[in-house]
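A.B. asks: Here you go, entry.txt (compact mmCIF, C-alpha atoms and all ligand atoms):
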# COMPACT_ATOMS: atom_id res chain seq x y z
CA MET A 1 -5.58 4.39 -23.75
CA ARG A 2 -7.10 4.93 -20.33
CA GLN A 3 -9.93 2.61 -19.37
CA SER A 4 -13.16 4.09 -18.08
CA LEU A 5 -14.14 3.09 -14.57
CA THR A 6 -17.54 2.30 -13.12
CA ALA A 7 -18.62 2.57 -9.51
CA ALA A 8 -18.50 -1.22 -9.23
CA GLU A 9 -14.77 -1.32 -9.91
CA PRO A 10 -12.64 -0.49 -6.88
CA VAL A 11 -10.03 2.20 -7.40
CA ALA A 12 -6.92 1.89 -5.27
CA GLU A 13 -6.11 4.81 -2.97
CA LEU A 14 -2.85 5.74 -1.34
CA ALA A 15 -2.70 7.57 1.97
CA LEU A 16 -0.08 10.34 2.11
CA THR A 17 0.56 11.06 5.77
CA GLY A 18 3.19 12.10 8.30
CA ASP A 19 5.04 15.39 8.64
CA VAL A 20 3.13 17.17 5.87
CA ALA A 21 0.87 20.22 6.03
CA ARG A 22 -1.67 18.64 3.67
CA PRO A 23 -2.17 14.89 4.16
CA ALA A 24 -4.09 13.40 1.24
CA ARG A 25 -5.76 10.32 -0.14
CA LEU A 26 -4.72 9.97 -3.78
CA THR A 27 -5.97 7.68 -6.54
CA VAL A 28 -4.12 6.96 -9.75
CA PRO A 29 -6.40 9.41 -11.67
CA ASP A 30 -5.50 12.08 -9.06
CA LEU A 31 -1.81 11.55 -9.87
CA LEU A 32 -2.44 12.66 -13.46
CA ASP A 33 -2.78 16.24 -12.15
CA TRP A 34 1.02 16.54 -11.88
CA PRO A 35 3.40 16.77 -14.88
CA GLN A 36 3.87 13.26 -16.28
CA HIS A 37 7.29 11.73 -16.90
CA THR A 38 8.25 8.49 -18.57
CA ALA A 39 11.00 6.02 -17.80
CA ARG A 40 12.17 2.85 -19.44
CA VAL A 41 13.85 0.73 -16.79
CA SER A 42 15.69 -2.53 -16.63
CA PHE A 43 16.20 -4.21 -13.27
CA GLU A 44 17.34 -7.55 -12.02
CA CYS A 45 15.40 -9.69 -9.60
CA ALA A 46 17.16 -12.31 -7.52
CA THR A 47 14.34 -14.78 -8.29
CA SER A 48 12.93 -13.83 -11.70
CA GLY A 49 15.93 -12.42 -13.55
CA VAL A 50 16.16 -9.26 -15.67
CA GLN A 51 12.93 -7.38 -16.39
CA GLU A 52 12.31 -4.38 -18.63
CA HIS A 53 9.30 -2.11 -18.30
CA SER A 54 8.19 1.35 -19.36
CA PHE A 55 6.44 3.50 -16.78
CA SER A 56 4.76 6.91 -16.69
CA GLY A 57 3.66 9.11 -13.83
CA PRO A 58 4.55 12.13 -11.71
CA LEU A 59 7.84 12.57 -9.90
CA LEU A 60 7.56 11.41 -6.29
CA HIS A 61 9.26 14.67 -5.32
CA ASP A 62 6.60 16.81 -7.02
CA VAL A 63 3.74 15.02 -5.24
CA LEU A 64 5.40 15.10 -1.81
CA HIS A 65 6.56 18.69 -2.22
CA ASP A 66 2.95 19.78 -2.86
CA ALA A 67 1.83 18.06 0.36
CA GLY A 68 3.94 20.58 2.29
CA PRO A 69 6.71 18.62 4.06
CA GLY A 70 7.49 20.04 7.49
CA PHE A 71 10.97 21.40 6.92
CA ASP A 72 12.13 24.96 6.44
CA PRO A 73 12.41 25.28 2.64
CA ALA A 74 14.96 28.07 2.97
CA ARG A 75 17.40 25.83 4.89
CA ARG A 76 18.66 22.96 2.77
CA LYS A 77 20.21 21.24 5.79
CA ASP A 78 16.76 20.97 7.39
CA ARG A 79 15.70 18.46 4.72
CA LEU A 80 18.42 15.94 5.55
CA ARG A 81 16.57 14.40 8.51
CA PHE A 82 13.46 13.47 6.50
CA LEU A 83 12.63 9.92 5.49
CA ILE A 84 9.96 8.65 3.09
CA ALA A 85 8.36 5.29 3.94
CA VAL A 86 6.61 3.65 0.96
CA THR A 87 4.32 0.68 1.58
CA GLY A 88 2.53 -1.70 -0.78
CA ALA A 89 -0.85 -3.27 -0.09
CA ASP A 90 0.94 -6.59 0.57
CA GLY A 91 3.13 -5.02 3.26
CA HIS A 92 6.32 -4.80 1.18
CA HIS A 93 8.00 -1.53 2.07
CA ALA A 94 11.12 0.54 1.67
CA LEU A 95 12.58 3.73 3.09
CA LEU A 96 13.99 6.51 0.97
CA SER A 97 15.69 9.60 2.29
CA TRP A 98 14.26 12.94 1.24
CA ALA A 99 17.70 14.01 0.04
CA GLU A 100 17.78 11.05 -2.38
CA ILE A 101 15.00 12.61 -4.51
CA ASP A 102 15.66 16.29 -3.74
CA PRO A 103 16.83 18.35 -6.76
CA ASP A 104 19.52 19.96 -4.54
CA PHE A 105 20.95 16.59 -3.44
CA GLY A 106 20.63 13.13 -5.03
CA ARG A 107 18.19 14.23 -7.76
CA ALA A 108 16.97 10.66 -8.34
CA PRO A 109 14.10 10.86 -10.86
CA VAL A 110 11.87 8.54 -8.83
CA LEU A 111 8.35 8.15 -10.25
CA LEU A 112 5.00 7.28 -8.78
CA ALA A 113 3.99 5.38 -11.87
CA VAL A 114 0.38 5.40 -13.05
CA THR A 115 1.01 3.14 -16.06
CA ILE A 116 3.21 0.10 -16.65
CA ASP A 117 3.87 -0.84 -20.26
CA ASP A 118 0.99 1.51 -21.25
CA THR A 119 -1.49 -0.28 -18.96
CA PRO A 120 -3.17 1.98 -16.35
CA LEU A 121 -2.58 1.08 -12.71
CA ASP A 122 -5.91 2.51 -11.50
CA ARG A 123 -7.02 -0.66 -9.76
CA ALA A 124 -3.61 -2.02 -8.74
CA GLY A 125 -2.40 1.31 -7.36
CA PRO A 126 0.73 3.27 -8.26
CA GLN A 127 4.19 1.75 -8.49
CA LEU A 128 7.48 3.20 -7.29
CA VAL A 129 10.03 3.46 -10.11
CA LEU A 130 13.70 4.07 -9.38
CA PRO A 131 15.55 4.23 -12.70
CA GLN A 132 18.87 4.28 -10.82
CA ASP A 133 18.32 0.95 -9.05
CA ARG A 134 20.01 -2.16 -10.46
CA CYS A 135 17.81 -4.41 -8.28
CA GLY A 136 14.03 -4.50 -8.63
CA ALA A 137 13.20 -4.77 -4.95
CA ARG A 138 12.34 -1.09 -4.38
CA HIS A 139 9.97 -0.97 -7.39
CA ILE A 140 7.05 -1.33 -4.96
CA SER A 141 3.76 -2.06 -6.70
CA GLY A 142 0.27 -1.46 -5.35
CA ILE A 143 1.39 1.42 -3.13
CA ASN A 144 -1.24 2.18 -0.52
CA ALA A 145 0.71 4.37 1.92
CA ILE A 146 3.48 6.93 1.86
CA ARG A 147 4.61 8.46 5.12
CA VAL A 148 6.98 11.43 5.37
CA ASP A 149 8.90 11.40 8.64
CA GLY A 150 11.15 14.13 10.04
CA ARG A 151 11.43 12.90 13.61
CA TYR A 152 15.04 11.76 13.20
CA ALA A 153 16.10 15.27 14.18
CA SER A 154 15.75 14.16 17.80
CA TRP A 155 18.29 11.32 17.56
CA ALA A 156 21.34 13.50 18.25
N1 LIG B 201 4.18 -4.64 -3.44
C1 LIG B 201 5.29 -5.29 -3.81
N2 LIG B 201 6.09 -4.74 -4.70
C2 LIG B 201 7.22 -5.36 -5.08
C3 LIG B 201 7.59 -6.61 -4.53
C4 LIG B 201 6.73 -7.18 -3.56
O1 LIG B 201 6.97 -8.26 -3.01
N3 LIG B 201 5.59 -6.49 -3.23
N4 LIG B 201 8.75 -7.22 -4.95
C5 LIG B 201 9.79 -6.38 -5.55
C6 LIG B 201 10.80 -7.14 -6.26
S1 LIG B 201 11.81 -8.11 -5.31
C7 LIG B 201 10.98 -7.05 -7.63
S2 LIG B 201 12.30 -7.77 -8.39
C8 LIG B 201 10.05 -6.27 -8.47
C9 LIG B 201 9.57 -7.05 -9.67
O2 LIG B 201 8.72 -8.01 -9.16
P1 LIG B 201 7.81 -8.93 -10.12
O3 LIG B 201 8.73 -10.01 -10.56
O4 LIG B 201 6.74 -9.43 -9.22
O5 LIG B 201 7.32 -8.06 -11.22
O6 LIG B 201 8.93 -5.84 -7.72
C10 LIG B 201 9.22 -5.32 -6.48
N5 LIG B 201 8.02 -4.76 -5.98
MO MO B 202 13.25 -9.16 -6.69
Translate the structure described by the file into structure tokens.
C.D. replies:
Amino acid sequence: MRQSLTAAEPVAELALTGDVARPARLTVPDLLDWPQHTARVSFECATSGVQEHSFSGPLLHDVLHDAGPGFDPARRKDRLRFLIAVTGADGHHALLSWAEIDPDFGRAPVLLAVTIDDTPLDRAGPQLVLPQDRCGARHISGINAIRVDGRYASWA
């Protein structure tokens, strides 16, 4: 059951920035506006062994898609140069490629989880969930920034 929040309790916010038409600041309650998915995942940590958790939340792709990423939606190839940088409040971060989560390419069902084991993440902030990952390292908790970046087009 979701806990009620008072003004005294800080609610974590994540900044969604970069090559998007609609940058946003999103709280965990905001993330309930998208269709919710669940995942039961098992991952191994080099230091703490195997962990199992259940998560719920929107698909990362749904949230980022609605922010209006700066590629031409009619040209699938245009998406291949986009990266997604996900950062936790402690500075832990990871890069994903857009194609990894795109339904036309890797189709990874990556979540921006708003609950872990039925506990709301309102104060901690959302957690990245990658059901396909054997290692836990990309399951970034306390996400406070996501940046979409398409500048790699200029590398060639
Ligand atoms: N913000 C943040 N998220 C993180 C990490 C971290 O250091 N910071 N460590 C990762 C690693 S290495 C693992 S295995 C999983 C599980 O970490 P836990 O053992 O702290 O639950 O969280 C991941 N998410
Ligand atoms: Mo880990």
A.B. asks: Counting only C-alpha atoms and all ligand atoms, which of A:Ala99, A:Leu130, A:Ala46, A:Ala108 gets nearest to ligand MO 202 (chain B)?
C.D. replies: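 Nearest candidate to ligand MO 202 (chain B) out of A:Ala99, A:Leu130, A:Ala46, A:Ala108: A:Ala46.
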A.B. asks: Which residue gives the smallest distance to ligand MO 202 (chain B) among A:Thr115, A:Ser141, A:Ser56, A:Gln36, with only C-alpha atoms and all ligand atoms counted?
C.D. replies: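 Ranking A:Thr115, A:Ser141, A:Ser56, A:Gln36 by distance to ligand MO 202 (chain B), first place goes to A:Ser141.
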A.B. asks: Quick one, how far is CA of Gln51 (chain A) from CA of Ile101 (chain A)?
C.D. replies: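 Going from CA of Gln51 (chain A) over to CA of Ile101 (chain A) covers 23.3 Å.
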A.B. asks: Would you name the residues within 10 Å of ligand LIG 201 (chain B), counting only C-alpha atoms and all ligand atoms, and put them as a PyMOL selection string?
C.D. replies: chain A and resi 43-53+86-94+124-129+134-144
A.B. asks: Please tell me which residues are no farther than 12 Å from (0.2, 16.9, 5.1) in the file, counting only C-alpha atoms, and write them as a list in words.
C.D. replies: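 Residues with an atom close enough to that point: Ala15, Leu16, Thr17, Gly18, Asp19, Val20, Ala21, Arg22, Pro23, Ala24, Arg25, Val63, Leu64, His65, Asp66, Ala67, Gly68, Pro69, Gly70, Phe71, Ile146, Arg147, Val148 and Asp149 of chain A.
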A.B. asks: Could you check the closest approach to Asp33 (chain A) for each of A:Leu80, A:Leu96, A:Val114, A:Ala12 and tell me which residue wins, using only C-alpha atoms?
C.D. replies: A:Val114
A.B. asks: Please indicate the distance in Å from CA of Pro103 (chain A) to CA of Phe82 (chain A), rounded to one decimal place.
C.D. replies: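 Answer for the CA of Pro103 (chain A) to CA of Phe82 (chain A) separation: 14.5 Å.
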A.B. asks: Could you work out an axis-aligned box for region 28-36 of chain A, taking every atom the file lists and adding 8 Å on each side, and report centre and edge lengths in Å to one decimal, as lines of an AutoDock Vina configuration file?
C.D. replies:
center_x = -1.3
center_y = 11.9
center_z = -12.7
size_x = 26.3
size_y = 25.8
size_z = 23.2
A.B. asks: Report the distance between CA of Phe105 (chain A) and CA of His61 (chain A) in Å, rounded to one decimal place.
C.D. replies: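 Going from CA of Phe105 (chain A) over to CA of His61 (chain A), I get 12.0 Å.
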A.B. asks: Residues near Leu95 (chain A), anyone? I mean within 7 Å using only C-alpha atoms, not counting same-chain ones fewer than 2 positions away, as a ChimeraX atom specification.
C.D. replies: /A:83-86,97
A.B. asks: (-4.9, 4.6, -11.5) in this file's frame - what residues fall within 6 Å of it? Use all atoms listed in the file and give the answer as a list of chain:residue names.
C.D. replies: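 Applying the cut-off with all atoms listed in the file, one gets A:Thr27, A:Val28, A:Pro29, A:Val114, A:Pro120, A:Leu121, A:Asp122, A:Arg123, A:Gly125.
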A.B. asks: Take the residues from that selection and write them out as a PDB file, keeping the file's coordinate frame, keeping C-alpha atoms.
C.D. replies:
ATOM      1  CA  THR A  27      -5.970   7.680  -6.540  1.00  0.00           C
ATOM      2  CA  VAL A  28      -4.120   6.960  -9.750  1.00  0.00           C
ATOM      3  CA  PRO A  29      -6.400   9.410 -11.670  1.00  0.00           C
ATOM      4  CA  VAL A 114       0.380   5.400 -13.050  1.00  0.00           C
ATOM      5  CA  PRO A 120      -3.170   1.980 -16.350  1.00  0.00           C
ATOM      6  CA  LEU A 121      -2.580   1.080 -12.710  1.00  0.00           C
ATOM      7  CA  ASP A 122      -5.910   2.510 -11.500  1.00  0.00           C
ATOM      8  CA  ARG A 123      -7.020  -0.660  -9.760  1.00  0.00           C
ATOM      9  CA  GLY A 125      -2.400   1.310  -7.360  1.00  0.00           C
TER      10      GLY A 125
END
A.B. asks: Please determine, counting only C-alpha atoms, which residue among A:Ile116, A:Phe55, A:Asp62, A:Trp98 has the shortest atom-to-atom distance to Arg79 (chain A).
C.D. replies: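 Once distances to Arg79 (chain A) are computed over only C-alpha atoms, the minimum belongs to A:Trp98.
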A.B. asks: Which residue, A:Gly106, A:Asp118, A:Val11, A:His37, has the smallest gap to Pro58 (chain A) when you use all atoms listed in the file?
C.D. replies: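 That would be A:His37, the residue with the smallest distance to Pro58 (chain A).
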A.B. asks: Between A:Thr119, A:Leu111, A:Glu13, A:Arg75, single out the one closest to Thr38 (chain A), counting only C-alpha atoms.
C.D. replies: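 That would be A:Leu111, the residue with the smallest distance to Thr38 (chain A).
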